>>> print(open('coords03.tsv').read())   # TSV, C-alpha atoms
chain	number	residue	atom	x	y	z
A	1	MET	CA	75.87	108.92	143.32
A	2	VAL	CA	73.23	110.31	140.96
A	3	ALA	CA	75.82	110.52	138.18
A	4	VAL	CA	76.76	106.85	138.65
A	5	PHE	CA	73.09	105.82	138.56
A	6	ALA	CA	72.51	107.91	135.42
A	7	CYS	CA	75.50	106.27	133.71
A	8	LEU	CA	74.18	102.82	134.57
A	9	VAL	CA	70.68	103.62	133.31
A	10	LEU	CA	72.07	105.03	130.07
A	11	ALA	CA	74.32	101.99	129.58
A	12	LEU	CA	71.54	99.40	130.00
A	13	PRO	CA	70.12	99.69	126.48
A	14	ALA	CA	73.61	99.20	125.02
A	15	LEU	CA	74.13	96.10	127.15
A	16	ALA	CA	70.71	94.71	126.21
A	17	ASN	CA	71.40	95.15	122.49
A	18	ASN	CA	74.36	92.88	121.91
A	19	GLY	CA	73.80	92.78	118.16
A	20	LEU	CA	72.49	89.23	118.08
A	21	GLN	CA	69.36	88.28	116.20
A	22	ARG	CA	67.84	84.84	116.43
A	23	LYS	CA	65.04	82.91	114.82
A	24	ALA	CA	63.46	79.66	115.93
A	25	SER	CA	63.71	76.83	113.43
A	26	PRO	CA	61.18	74.03	113.02
A	27	TYR	CA	63.98	71.85	111.61
A	28	SER	CA	66.83	69.90	113.18
A	29	VAL	CA	70.21	71.62	113.48
A	30	GLU	CA	71.56	69.73	110.46
A	31	GLN	CA	68.47	70.51	108.35
A	32	THR	CA	68.62	74.19	109.36
A	33	VAL	CA	72.32	74.34	108.48
A	34	GLU	CA	71.63	72.73	105.10
A	35	ARG	CA	68.72	75.10	104.42
A	36	PHE	CA	70.76	78.15	105.40
A	37	GLU	CA	73.66	77.07	103.20
A	38	ALA	CA	71.25	76.42	100.30
A	39	ALA	CA	69.72	79.88	100.80
A	40	VAL	CA	73.18	81.48	100.77
A	41	ARG	CA	74.18	79.63	97.59
A	42	SER	CA	70.85	80.45	95.91
A	43	LYS	CA	71.77	84.14	96.18
A	44	GLY	CA	75.18	83.60	94.56
A	45	LEU	CA	77.12	83.86	97.82
A	46	ARG	CA	79.83	81.58	99.14
A	47	VAL	CA	79.52	79.20	102.06
A	48	PHE	CA	82.75	78.78	104.01
A	49	PRO	CA	83.66	75.57	105.88
A	50	ARG	CA	81.49	74.79	108.87
A	51	ILE	CA	82.72	74.78	112.45
A	52	ASP	CA	80.99	71.93	114.27
A	53	HIS	CA	81.53	72.68	117.96
A	54	ALA	CA	79.70	69.57	119.17
A	55	ALA	CA	81.91	67.31	117.03
A	56	ALA	CA	85.04	69.08	118.30
A	57	ALA	CA	83.86	68.66	121.90
A	58	ALA	CA	83.20	64.96	121.29
A	59	ASP	CA	86.79	64.54	120.07
A	60	TYR	CA	87.83	65.51	123.62
A	61	GLY	CA	85.26	63.36	125.40
A	62	LEU	CA	82.89	66.25	126.05
A	63	GLU	CA	79.20	66.45	125.19
A	64	MET	CA	77.29	69.46	123.99
A	65	PRO	CA	74.11	69.88	121.97
A	66	PRO	CA	74.53	70.30	118.22
A	67	THR	CA	76.12	73.69	117.51
A	68	VAL	CA	77.36	74.63	114.04
A	69	VAL	CA	78.87	77.92	112.86
A	70	ILE	CA	78.56	78.82	109.18
A	71	GLY	CA	80.59	81.54	107.48
A	72	PHE	CA	79.06	83.08	104.38
A	73	GLY	CA	79.52	86.01	102.08
A	74	ASN	CA	80.98	87.41	98.91
A	75	PRO	CA	84.80	87.52	98.73
A	76	LYS	CA	84.53	90.30	96.11
A	77	TYR	CA	82.97	92.45	98.84
A	78	GLY	CA	84.95	91.40	101.92
A	79	THR	CA	88.44	91.00	100.50
A	80	PRO	CA	89.09	94.72	99.88
A	81	TYR	CA	88.33	95.43	103.54
A	82	MET	CA	90.75	92.73	104.65
A	83	LEU	CA	93.38	94.15	102.29
A	84	GLU	CA	92.87	97.56	103.90
A	85	ASN	CA	93.21	96.08	107.39
A	86	PRO	CA	94.29	92.41	107.60
A	87	GLN	CA	93.09	92.22	111.21
A	88	ALA	CA	89.52	92.57	109.91
A	89	ALA	CA	89.79	88.92	108.86
A	90	ILE	CA	89.02	88.02	112.49
A	91	ASP	CA	85.47	89.28	111.84
A	92	PHE	CA	85.08	88.38	108.15
A	93	PRO	CA	83.17	86.62	106.73
A	94	PRO	CA	79.90	87.15	108.58
A	95	ARG	CA	78.75	84.05	110.40
A	96	ALA	CA	75.60	82.41	111.65
A	97	VAL	CA	75.26	79.76	114.33
A	98	VAL	CA	72.66	77.04	114.41
A	99	TYR	CA	72.25	75.39	117.77
A	100	GLU	CA	69.97	73.33	119.94
A	101	ASP	CA	69.18	74.81	123.34
A	102	ALA	CA	68.75	72.94	126.64
A	103	ASP	CA	65.05	72.43	125.86
A	104	GLY	CA	65.78	70.84	122.48
A	105	LYS	CA	64.64	73.89	120.49
A	106	VAL	CA	66.69	74.79	117.42
A	107	TRP	CA	67.78	78.37	116.77
A	108	LEU	CA	69.50	80.25	113.97
A	109	ALA	CA	71.43	83.23	115.36
A	110	TYR	CA	73.51	85.89	113.63
A	111	ASN	CA	74.92	89.36	114.12
A	112	SER	CA	72.57	92.12	113.03
A	113	SER	CA	73.59	94.26	110.09
A	114	PRO	CA	73.85	97.43	112.22
A	115	TYR	CA	76.13	95.58	114.64
A	116	LEU	CA	78.35	94.32	111.83
A	117	TYR	CA	78.70	97.71	110.22
A	118	GLU	CA	78.56	100.08	113.16
A	119	TYR	CA	80.72	98.04	115.51
A	120	LEU	CA	82.93	95.70	113.51
A	121	PHE	CA	83.78	98.11	110.72
A	122	GLU	CA	84.49	100.83	113.28
A	123	ARG	CA	86.59	98.35	115.27
A	124	HIS	CA	88.89	97.98	112.27
A	125	GLY	CA	88.80	101.62	111.16
A	126	LEU	CA	86.94	100.77	107.97
A	127	ASP	CA	84.43	102.92	106.11
A	128	TYR	CA	81.52	101.46	104.17
A	129	PRO	CA	79.26	102.89	101.47
A	130	PRO	CA	76.00	104.52	102.56
A	131	GLY	CA	73.14	102.07	102.22
A	132	ASP	CA	75.20	98.98	103.05
A	133	ILE	CA	73.55	98.51	106.46
A	134	GLU	CA	70.04	98.44	105.01
A	135	PHE	CA	71.07	96.32	102.01
A	136	PHE	CA	72.80	93.70	104.18
A	137	ASN	CA	69.97	93.77	106.71
A	138	ASN	CA	67.48	92.93	103.96
A	139	ALA	CA	69.75	90.16	102.67
A	140	LEU	CA	70.14	88.67	106.16
A	141	GLU	CA	66.39	88.70	106.70
A	142	ARG	CA	65.77	86.95	103.37
A	143	LEU	CA	68.46	84.30	103.96
A	144	THR	CA	67.42	83.51	107.51
A	145	ASP	CA	63.71	83.52	106.67
A	146	MET	CA	64.43	81.07	103.86
A	147	ALA	CA	66.38	78.81	106.24
A	148	VAL	CA	63.65	78.58	108.88
A	149	GLY	CA	60.68	78.87	106.52
A	150	SER	CA	58.57	76.18	104.96
A	151	GLU	CA	59.27	76.87	101.28
A	152	PRO	CA	61.71	74.65	99.38
A	153	ILE	CA	64.99	76.37	98.53
A	154	GLY	CA	66.25	76.08	94.97
A	155	GLU	CA	69.92	76.53	94.22
>>> encode(input="coords03.tsv", output="structure tokens")
Amino acid sequence: MVAVFACLVLALPALANNGLQRKASPYSVEQTVERFEAAVRSKGLRVFPRIDHAAAAADYGLEMPPTVVIGFGNPKYGTPYMLENPQAAIDFPPRAVVYEDADGKVWLAYNSSPYLYEYLFERHGLDYPPGDIEFFNNALERLTDMAVGSEPIGE
């Protein structure tokens, strides 16, 4: 019994840290999406086609608050990993979601850099250069801060 309890206690931090980061946005979902995409482009990265879950739901007569997924990244970086293991394409490119919660608050959420590298790369048996976690973490923080911040974003 003690061993079971110890296992549960040790597993709780892992369950609590699901790899998601989120930042509140003072903008609408559409404005936050546009700001995030502009931030991504301003850093020379590519924005992939959006997935608008609310629009898809509406096509089937269902309602949900605005929820948009945005893929972003650099194909020069991600493509070699997908060539090494084509199944990695299920997790590439990295994505962010902008959504409105039940209280009408807008959020920008994304997988943390450690989660992406330590879980997703491991999932696909891929190695990454030392320093990538910190580099991508800094990039994510800059991009997401730009999206929810008050400064204009130049492309």
>>> closest_residue(input="coords03.tsv", among="A:Gly78, A:Leu45, A:Ile153, A:Gln21", to="Asn137 (chain A)", atoms="all atoms listed in the file")
A:Gln21
>>> residues_around(input="coords03.tsv", residues="region 62-69 of chain A", least_positions_apart="4", cutoff="10 Å", atoms="only C-alpha atoms", output="ChimeraX atom specification")
/A:28-30,32-33,48-58,95-102,104,106-110
>>> closest_residue(input="coords03.tsv", among="A:Pro94, A:Gly149, A:Gly125, A:Gly154", to="Tyr81 (chain A)", atoms="only C-alpha atoms")
A:Gly125
>>> residues_around(input="coords03.tsv", residues="Glu118 (chain A)", least_positions_apart="3", cutoff="12 Å", atoms="only C-alpha atoms", output="ChimeraX atom specification")
/A:19,111-115,121-128,130,132-134
>>> closest_residue(input="coords03.tsv", among="A:Gly61, A:Gly73, A:Pro93, A:Pro26", to="Val40 (chain A)", atoms="all atoms listed in the file")
A:Gly73
>>> decode(input="coords03.tsv", residues="region 86-99 of chain A", atoms="all heavy atoms", output="CSV table (one decimal), in the first residue's frame")
chain,number,residue,atom,x,y,z
A,86,PRO,N,9.3,9.8,-40.8
A,86,PRO,CA,8.1,10.4,-41.4
A,86,PRO,C,6.9,10.6,-40.4
A,86,PRO,O,6.1,11.5,-40.5
A,86,PRO,CB,7.7,9.5,-42.6
A,86,PRO,CG,9.0,8.9,-43.0
A,86,PRO,CD,9.8,8.7,-41.7
A,87,GLN,N,6.8,9.7,-39.4
A,87,GLN,CA,5.8,9.8,-38.4
A,87,GLN,C,5.9,11.0,-37.6
A,87,GLN,O,4.9,11.5,-37.0
A,87,GLN,CB,5.8,8.5,-37.5
A,87,GLN,CG,5.4,7.3,-38.2
A,87,GLN,CD,5.4,6.1,-37.3
A,87,GLN,OE1,4.3,5.6,-36.9
A,87,GLN,NE2,6.6,5.7,-36.9
A,88,ALA,N,7.0,11.6,-37.5
A,88,ALA,CA,7.2,12.9,-36.8
A,88,ALA,C,6.4,14.0,-37.3
A,88,ALA,O,6.1,15.0,-36.6
A,88,ALA,CB,8.7,13.3,-36.8
A,89,ALA,N,5.9,13.9,-38.6
A,89,ALA,CA,5.1,14.9,-39.2
A,89,ALA,C,3.8,15.1,-38.4
A,89,ALA,O,3.1,16.1,-38.5
A,89,ALA,CB,4.8,14.6,-40.6
A,90,ILE,N,3.4,14.1,-37.6
A,90,ILE,CA,2.2,14.2,-36.8
A,90,ILE,C,2.4,15.3,-35.7
A,90,ILE,O,1.4,16.0,-35.3
A,90,ILE,CB,1.7,12.9,-36.1
A,90,ILE,CG1,0.3,13.0,-35.6
A,90,ILE,CG2,2.7,12.5,-35.0
A,90,ILE,CD1,-0.7,12.7,-36.6
A,91,ASP,N,3.6,15.6,-35.4
A,91,ASP,CA,3.9,16.6,-34.3
A,91,ASP,C,4.6,17.8,-34.9
A,91,ASP,O,4.9,18.7,-34.1
A,91,ASP,CB,4.7,16.0,-33.2
A,91,ASP,CG,4.0,14.9,-32.5
A,91,ASP,OD1,2.8,15.2,-32.1
A,91,ASP,OD2,4.5,13.8,-32.2
A,92,PHE,N,4.9,17.9,-36.1
A,92,PHE,CA,5.6,19.0,-36.8
A,92,PHE,C,4.6,19.6,-37.7
A,92,PHE,O,3.9,18.9,-38.4
A,92,PHE,CB,6.8,18.6,-37.5
A,92,PHE,CG,8.0,18.3,-36.7
A,92,PHE,CD1,8.2,17.0,-36.1
A,92,PHE,CD2,9.0,19.2,-36.5
A,92,PHE,CE1,9.3,16.7,-35.3
A,92,PHE,CE2,10.1,18.9,-35.7
A,92,PHE,CZ,10.2,17.7,-35.1
A,93,PRO,N,4.5,20.9,-37.9
A,93,PRO,CA,5.3,21.9,-37.1
A,93,PRO,C,4.7,22.2,-35.8
A,93,PRO,O,3.6,21.7,-35.5
A,93,PRO,CB,5.1,23.2,-38.0
A,93,PRO,CG,3.8,23.0,-38.6
A,93,PRO,CD,3.6,21.5,-38.8
A,94,PRO,N,5.5,22.9,-34.9
A,94,PRO,CA,4.9,23.3,-33.6
A,94,PRO,C,3.6,24.1,-33.9
A,94,PRO,O,3.5,24.7,-34.9
A,94,PRO,CB,6.0,24.1,-32.9
A,94,PRO,CG,7.1,24.3,-33.9
A,94,PRO,CD,6.8,23.5,-35.1
A,95,ARG,N,2.7,24.1,-32.9
A,95,ARG,CA,1.5,24.8,-33.1
A,95,ARG,C,1.1,25.6,-31.8
A,95,ARG,O,1.6,25.3,-30.7
A,95,ARG,CB,0.3,23.8,-33.3
A,95,ARG,CG,0.5,23.1,-34.7
A,95,ARG,CD,-0.5,22.0,-34.9
A,95,ARG,NE,-0.4,20.8,-34.0
A,95,ARG,CZ,0.5,19.8,-34.2
A,95,ARG,NH1,1.3,19.9,-35.2
A,95,ARG,NH2,0.5,18.8,-33.4
A,96,ALA,N,0.3,26.6,-32.0
A,96,ALA,CA,-0.3,27.4,-30.9
A,96,ALA,C,-1.8,27.4,-31.1
A,96,ALA,O,-2.2,27.2,-32.3
A,96,ALA,CB,0.3,28.8,-30.9
A,97,VAL,N,-2.5,27.5,-30.1
A,97,VAL,CA,-4.0,27.7,-30.2
A,97,VAL,C,-4.4,28.9,-29.5
A,97,VAL,O,-3.9,29.3,-28.4
A,97,VAL,CB,-4.7,26.4,-29.6
A,97,VAL,CG1,-4.4,26.2,-28.1
A,97,VAL,CG2,-6.2,26.5,-29.8
A,98,VAL,N,-5.2,29.7,-30.2
A,98,VAL,CA,-5.8,30.9,-29.6
A,98,VAL,C,-7.3,30.6,-29.4
A,98,VAL,O,-8.0,30.1,-30.4
A,98,VAL,CB,-5.6,32.1,-30.5
A,98,VAL,CG1,-6.2,33.3,-29.9
A,98,VAL,CG2,-4.1,32.3,-30.8
A,99,TYR,N,-7.8,30.8,-28.2
A,99,TYR,CA,-9.2,30.4,-27.9
A,99,TYR,C,-9.8,31.4,-26.9
A,99,TYR,O,-9.1,32.1,-26.2
A,99,TYR,CB,-9.3,29.0,-27.4
A,99,TYR,CG,-8.6,28.7,-26.1
A,99,TYR,CD1,-9.4,28.8,-24.9
A,99,TYR,CD2,-7.3,28.5,-26.0
A,99,TYR,CE1,-8.8,28.6,-23.7
A,99,TYR,CE2,-6.7,28.3,-24.8
A,99,TYR,CZ,-7.4,28.3,-23.6
A,99,TYR,OH,-6.8,28.1,-22.4
